[in-house]
Every structure is written in C-alpha cells, then in structure tokens.
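Trainee: Have a look at this one.
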Amino acid sequence: MVEKEIEKKKRIYLKIIFIFSVVNGLSIDVMFCLVEYHSVSMGQGQEVHARRLLSQSLQNGDWLLLQNCHLSLDYVLECLDVLIETEHLHDLFRLWITSEEHPKFPISFLQACLLYISFCGIIRISSRT
C-alpha cells in the first residue's frame, strides 16, 4: 500500500512545472510559442474551465498552463489531489503553473514540482530521484 502511494507521487512529480511570475504574460507566451497547449487564467470562477481542461489534458497528453494560481489557492490543492488520484497519467501530459508570491501558497504543491522557474533569474531543478 505504501509503495503504491510512493509510485503515484513519483509519477506526478515528473509532470508539474512551477513558474514564479512577477512579469506580464509575454514571457510565458515566448516559452510556449512552439508548443500547442491549453491555458486558463485563474480567478473569478475559472476553476470550472480549469477542471474541464485538466481532465482533457490528462486523457489526451496535452500541456496545460494555469496562470495566476495565487488567485485560486483552493483549486491548486484540488488539482494536486486529482493528479495523485489519477490512475494513468499520459506520458506527454505536463502541467505548468504560474503564480505571484503568496504566503499561503500550498507547500505540498511546490514539493510535487519538477522544476521551479523565476523570471527574476533563478532556476531550480528539484533534486528528487
């Protein structure tokens, strides 16, 4: 039972990239200009669209960009739960998250990320194996 939980967490660890963003969306657009992806700017009830796109992306192996997640912290935790509970994550699926600094941003989500990117010049690749 414990090994199964560890395996699930390893699978999602390779799928999430966190971008600490204090600049406008131009930098994000440059990063994704060569890849087809879905995007939702969080806040003001956008969780409904994010849920639909997350489900679709998990199934089809698409990339999903959730922007401004500091505006929807509850959904960030919900999203992590969905990834943990999903039996099969498509090999091509990637979840990209942008957020401004927020004191209540869930640390458990950050711990599940493969890569942290800051447009202030800091890049950190998580050292998990």
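Letters A, B, ... go to the chains of the structure tokens in the order shown; residues in each chain start at 1; ligands are counted from 1 in the same order.
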Would you list the contacts of A:Ser41 as a PyMOL selection string, taking every protein, DNA or RNA residue within 10 Å and counting only C-alpha atoms, but skipping same-chain residues closer than 5 positions in sequence?

Mentor: chain A and resi 46-47+49-50+65-69+71-72+98

Trainee: Just give me the gap between atom CA of A:Arg51 and atom CA of A:Leu114 in Å, one decimal is fine.

Mentor: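 Going from atom CA of A:Arg51 over to atom CA of A:Leu114, I get 21.5 Å.
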
Trainee: Quick one: of A:Ser57, A:Val48, A:His38, A:Trp63, who's nearest to A:Arg94, counting only C-alpha atoms?

Mentor: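 Closest candidate: A:Trp63.
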
Trainee: Taking only C-alpha atoms into account, which of A:Leu110, A:Leu64, A:Val82, A:Val76 comes nearest A:Tyr37?

Mentor: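 Of the candidates, the smallest distance to A:Tyr37 is held by A:Leu64.
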
Trainee: For atom CA of A:Ser99 and atom CA of A:Gln56, determine how far apart the two atoms are, in Å to one decimal place.

Mentor: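 Computing the Euclidean distance for atom CA of A:Ser99 and atom CA of A:Gln56 yields 22.4 Å.
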
Trainee: Mind listing the alpha helix (DSSP H) residues of stretch 48-83 of chain A, per DSSP on the backbone, as a PyMOL selection string?

Mentor: chain A and resi 48-60+73-83

Trainee: Looking at A:Pro106, A:Lys15, A:Glu100, A:Phe93, which one is nearest to A:Gly61, with distances taken over only C-alpha atoms?

Mentor: A:Phe93
